[in-house]
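In what follows, a structure is listed as structure tokens, so that the remarks can point back to it.
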Amino acid sequence: MTFERRQDAEAWLAAESRLIERDEWRPPKIRAASKHASGETLRSFAPLWLDTHRRNDGEPLKDRTREHYEWLLDSRLYPTFGDLPMHLITEDELTAWREGLPKTPTANAHAYALLRGILKTAAKKDRRIDPPAIEGAAKAKTKHETEPATLDELAIIVDNMAPKYRLAILLMTWCALRFGEVAELRRQDVSLGTGKVRVRRGVVRVYGERRVTTPKSGAGARDVTIPPHLVPLVKAHLDEHAQPGPSGLLFPGANGAQVSQSTLNGKPGRRRIIKGRIVNESATGFCKAREAAGRPDLRLHDLRHTGGTLAAQTGATLAELMQRLGHSTPSAAMRYQHAAKDRDKVIAEALSEMAASQNG
């Protein structure tokens, strides 16, 4: 637009700048349209959607999922679309919105998928709403490429953990358990007779506090067979480190509650300046252990990926991987099938041996 007077242009620019600073800026044409349009807004409809939406298994949203959705609404969606009638959210507006988002691919993809889900539900009541679709917007290319730990690296990591937490690392790897599942394990969940660990609960951090909850899907409730070489270590841990009684925690924290992820992770080594002096602080916990193994890139959750990869290398079928890892969809378990690429040479050699024995 143009202005007849310089001061008018400067006043307009100052007003727009204030909107940007408050994260309230929207394209002028959207602002103009919303003043004269009627219809339910995203801000008024989304809370109802959160209360009534059901997962694929018919259950309401988990607390952690709801907290994540509320954060996406507040940080990604409301600033642009909150007060706009939903039938005015078009592909052009979505494209402009995505171009102005922070460089957080995963969060942005989740925000787009959440908006699409809300709009699709709202469209059942208001035919004017036509949920726009942008190809690939619901998927994010993550920067972190998970490289499974080798058995030698895993041995070094375990040796460098505090004795009371070594079994936690082993269960997250060899049984491919999630951290929250391991943290909530109790004596009654482990059977040395059958060699199984019973996964029925997990601990998650929601709204600033830790809560015990059921697995996020029905498939997450499962019995996982402990590899035989770990059974003596499990028995020793129960004797030395677990709380007493059937409901005693396998991995209690300092306060007697479930060990926290930050405690298990520890702190990375760093240099700090204290009173003008440079002080080198040593790494602790899993951060120290992974550095000792030469794998500073490894995250605690990557141990589960390592376990899934090891299971795939045994020749486990997709259905078997889904059951062992507690996945409800094949797509999640498919991530571990890349292990076959690493075994291609071994497979080829085995085929030649098969042919040789047939010819011989």
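Residue numbering restarts at 1 for every chain of the structure tokens, chains are lettered A, B, ... in their displayed order, and ligands are numbered from 1 as they appear.
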Where in segment 128-352 of chain A does DSSP assign helix (DSSP H, G or I), given as number ranges by chain? A: 151-159, 163-174, 179-183, 187-189, 218-220, 228-240, 261-265, 285-292, 302-313, 318-325, 330-342, 344-352
Could you give me, as CSV, a per-residue list for segment 201-296 of chain A showing, wherever an atom lies at most 10 Å from an atom of segment 59-70 of chain A, the closest pair of atoms and their distance in Å to one decimal, using only C-alpha atoms and sorting by chain then residue number from low to high?
residue,atom,partner,partner_atom,distance
A:Val204,CA,A:Arg64,CA,7.3
A:Arg205,CA,A:Arg64,CA,7.4
A:Val206,CA,A:Arg64,CA,5.4
A:Tyr207,CA,A:Glu67,CA,6.9
A:Arg211,CA,A:Asp63,CA,9.2
A:Thr213,CA,A:Lys62,CA,8.6
A:Thr214,CA,A:Lys62,CA,9.1
A:Pro215,CA,A:Lys62,CA,9.3
A:Lys216,CA,A:Lys62,CA,7.0
A:Ser217,CA,A:Glu59,CA,9.2
Output all heavy atoms for every residue in that selection, as a PDB file, in the first residue's frame.
ATOM      1  N   VAL A 204       5.490 -40.747  32.976  1.00  0.00           N
ATOM      2  CA  VAL A 204       5.714 -39.648  32.047  1.00  0.00           C
ATOM      3  C   VAL A 204       5.681 -38.337  32.821  1.00  0.00           C
ATOM      4  O   VAL A 204       5.107 -38.258  33.916  1.00  0.00           O
ATOM      5  CB  VAL A 204       4.645 -39.608  30.926  1.00  0.00           C
ATOM      6  CG1 VAL A 204       4.712 -40.866  30.078  1.00  0.00           C
ATOM      7  CG2 VAL A 204       3.252 -39.429  31.520  1.00  0.00           C
ATOM      8  N   ARG A 205       6.301 -37.322  32.252  1.00  0.00           N
ATOM      9  CA  ARG A 205       6.278 -35.999  32.862  1.00  0.00           C
ATOM     10  C   ARG A 205       5.250 -35.155  32.126  1.00  0.00           C
ATOM     11  O   ARG A 205       5.371 -34.904  30.937  1.00  0.00           O
ATOM     12  CB  ARG A 205       7.649 -35.348  32.801  1.00  0.00           C
ATOM     13  CG  ARG A 205       7.756 -34.085  33.661  1.00  0.00           C
ATOM     14  CD  ARG A 205       9.187 -33.645  33.859  1.00  0.00           C
ATOM     15  NE  ARG A 205       9.287 -32.530  34.779  1.00  0.00           N
ATOM     16  CZ  ARG A 205       9.303 -32.641  36.104  1.00  0.00           C
ATOM     17  NH1 ARG A 205       9.250 -33.841  36.646  1.00  0.00           N
ATOM     18  NH2 ARG A 205       9.391 -31.586  36.878  1.00  0.00           N
ATOM     19  N   VAL A 206       4.213 -34.727  32.843  1.00  0.00           N
ATOM     20  CA  VAL A 206       3.114 -33.967  32.254  1.00  0.00           C
ATOM     21  C   VAL A 206       2.794 -32.781  33.151  1.00  0.00           C
ATOM     22  O   VAL A 206       2.675 -32.936  34.378  1.00  0.00           O
ATOM     23  CB  VAL A 206       1.850 -34.858  32.095  1.00  0.00           C
ATOM     24  CG1 VAL A 206       0.739 -34.068  31.425  1.00  0.00           C
ATOM     25  CG2 VAL A 206       2.167 -36.106  31.294  1.00  0.00           C
ATOM     26  N   TYR A 207       2.648 -31.605  32.530  1.00  0.00           N
ATOM     27  CA  TYR A 207       2.309 -30.389  33.274  1.00  0.00           C
ATOM     28  C   TYR A 207       3.228 -30.196  34.487  1.00  0.00           C
ATOM     29  O   TYR A 207       2.795 -29.828  35.576  1.00  0.00           O
ATOM     30  CB  TYR A 207       0.852 -30.415  33.724  1.00  0.00           C
ATOM     31  CG  TYR A 207      -0.133 -30.500  32.571  1.00  0.00           C
ATOM     32  CD1 TYR A 207      -0.927 -31.643  32.398  1.00  0.00           C
ATOM     33  CD2 TYR A 207      -0.260 -29.459  31.651  1.00  0.00           C
ATOM     34  CE1 TYR A 207      -1.821 -31.730  31.337  1.00  0.00           C
ATOM     35  CE2 TYR A 207      -1.147 -29.541  30.589  1.00  0.00           C
ATOM     36  CZ  TYR A 207      -1.924 -30.663  30.433  1.00  0.00           C
ATOM     37  OH  TYR A 207      -2.809 -30.747  29.378  1.00  0.00           O
ATOM     38  N   ARG A 211       3.786 -38.585  36.274  1.00  0.00           N
ATOM     39  CA  ARG A 211       2.547 -39.346  36.464  1.00  0.00           C
ATOM     40  C   ARG A 211       2.732 -40.767  35.929  1.00  0.00           C
ATOM     41  O   ARG A 211       3.386 -40.989  34.913  1.00  0.00           O
ATOM     42  CB  ARG A 211       1.383 -38.691  35.722  1.00  0.00           C
ATOM     43  CG  ARG A 211       1.030 -37.292  36.203  1.00  0.00           C
ATOM     44  CD  ARG A 211      -0.156 -36.737  35.420  1.00  0.00           C
ATOM     45  NE  ARG A 211      -0.452 -35.358  35.797  1.00  0.00           N
ATOM     46  CZ  ARG A 211      -1.412 -34.621  35.231  1.00  0.00           C
ATOM     47  NH1 ARG A 211      -2.169 -35.156  34.260  1.00  0.00           N
ATOM     48  NH2 ARG A 211      -1.612 -33.377  35.612  1.00  0.00           N
ATOM     49  N   THR A 213       1.095 -43.850  34.132  1.00  0.00           N
ATOM     50  CA  THR A 213      -0.009 -44.018  33.190  1.00  0.00           C
ATOM     51  C   THR A 213       0.110 -45.363  32.493  1.00  0.00           C
ATOM     52  O   THR A 213       1.130 -46.054  32.611  1.00  0.00           O
ATOM     53  CB  THR A 213      -0.008 -42.880  32.151  1.00  0.00           C
ATOM     54  OG1 THR A 213      -1.127 -43.028  31.265  1.00  0.00           O
ATOM     55  CG2 THR A 213       1.267 -42.880  31.327  1.00  0.00           C
ATOM     56  N   THR A 214      -0.927 -45.728  31.774  1.00  0.00           N
ATOM     57  CA  THR A 214      -0.899 -46.950  30.973  1.00  0.00           C
ATOM     58  C   THR A 214      -0.180 -46.670  29.662  1.00  0.00           C
ATOM     59  O   THR A 214      -0.005 -45.511  29.278  1.00  0.00           O
ATOM     60  CB  THR A 214      -2.329 -47.437  30.684  1.00  0.00           C
ATOM     61  OG1 THR A 214      -3.067 -46.367  30.050  1.00  0.00           O
ATOM     62  CG2 THR A 214      -3.028 -47.842  31.965  1.00  0.00           C
ATOM     63  N   PRO A 215       0.259 -47.699  28.941  1.00  0.00           N
ATOM     64  CA  PRO A 215       0.909 -47.475  27.647  1.00  0.00           C
ATOM     65  C   PRO A 215       0.027 -46.663  26.710  1.00  0.00           C
ATOM     66  O   PRO A 215      -1.206 -46.690  26.819  1.00  0.00           O
ATOM     67  CB  PRO A 215       1.130 -48.894  27.110  1.00  0.00           C
ATOM     68  CG  PRO A 215       1.217 -49.737  28.336  1.00  0.00           C
ATOM     69  CD  PRO A 215       0.239 -49.128  29.301  1.00  0.00           C
ATOM     70  N   LYS A 216       0.663 -45.930  25.801  1.00  0.00           N
ATOM     71  CA  LYS A 216      -0.095 -45.021  24.943  1.00  0.00           C
ATOM     72  C   LYS A 216      -0.956 -45.753  23.919  1.00  0.00           C
ATOM     73  O   LYS A 216      -1.828 -45.150  23.290  1.00  0.00           O
ATOM     74  CB  LYS A 216       0.842 -44.047  24.242  1.00  0.00           C
ATOM     75  CG  LYS A 216       1.873 -44.669  23.321  1.00  0.00           C
ATOM     76  CD  LYS A 216       2.742 -43.580  22.725  1.00  0.00           C
ATOM     77  CE  LYS A 216       3.786 -44.128  21.762  1.00  0.00           C
ATOM     78  NZ  LYS A 216       4.625 -43.059  21.184  1.00  0.00           N
ATOM     79  N   SER A 217      -0.753 -47.038  23.735  1.00  0.00           N
ATOM     80  CA  SER A 217      -1.634 -47.832  22.871  1.00  0.00           C
ATOM     81  C   SER A 217      -1.800 -49.211  23.486  1.00  0.00           C
ATOM     82  O   SER A 217      -1.019 -49.630  24.350  1.00  0.00           O
ATOM     83  CB  SER A 217      -1.053 -47.959  21.455  1.00  0.00           C
ATOM     84  OG  SER A 217       0.104 -48.767  21.462  1.00  0.00           O
TER      85      SER A 217
END
Nearest residue to Glu21 of chain A from the set A:Pro79, A:Pro102, A:Pro232, A:Ala183 (distances using only C-alpha atoms):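 Among the listed residues, A:Pro79 lies closest to Glu21 of chain A.
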Between A:Gly285, A:Arg186, A:Arg295, A:Ser75, which has the minimum distance to Glu153 of chain A (counting only C-alpha atoms)? A:Arg295
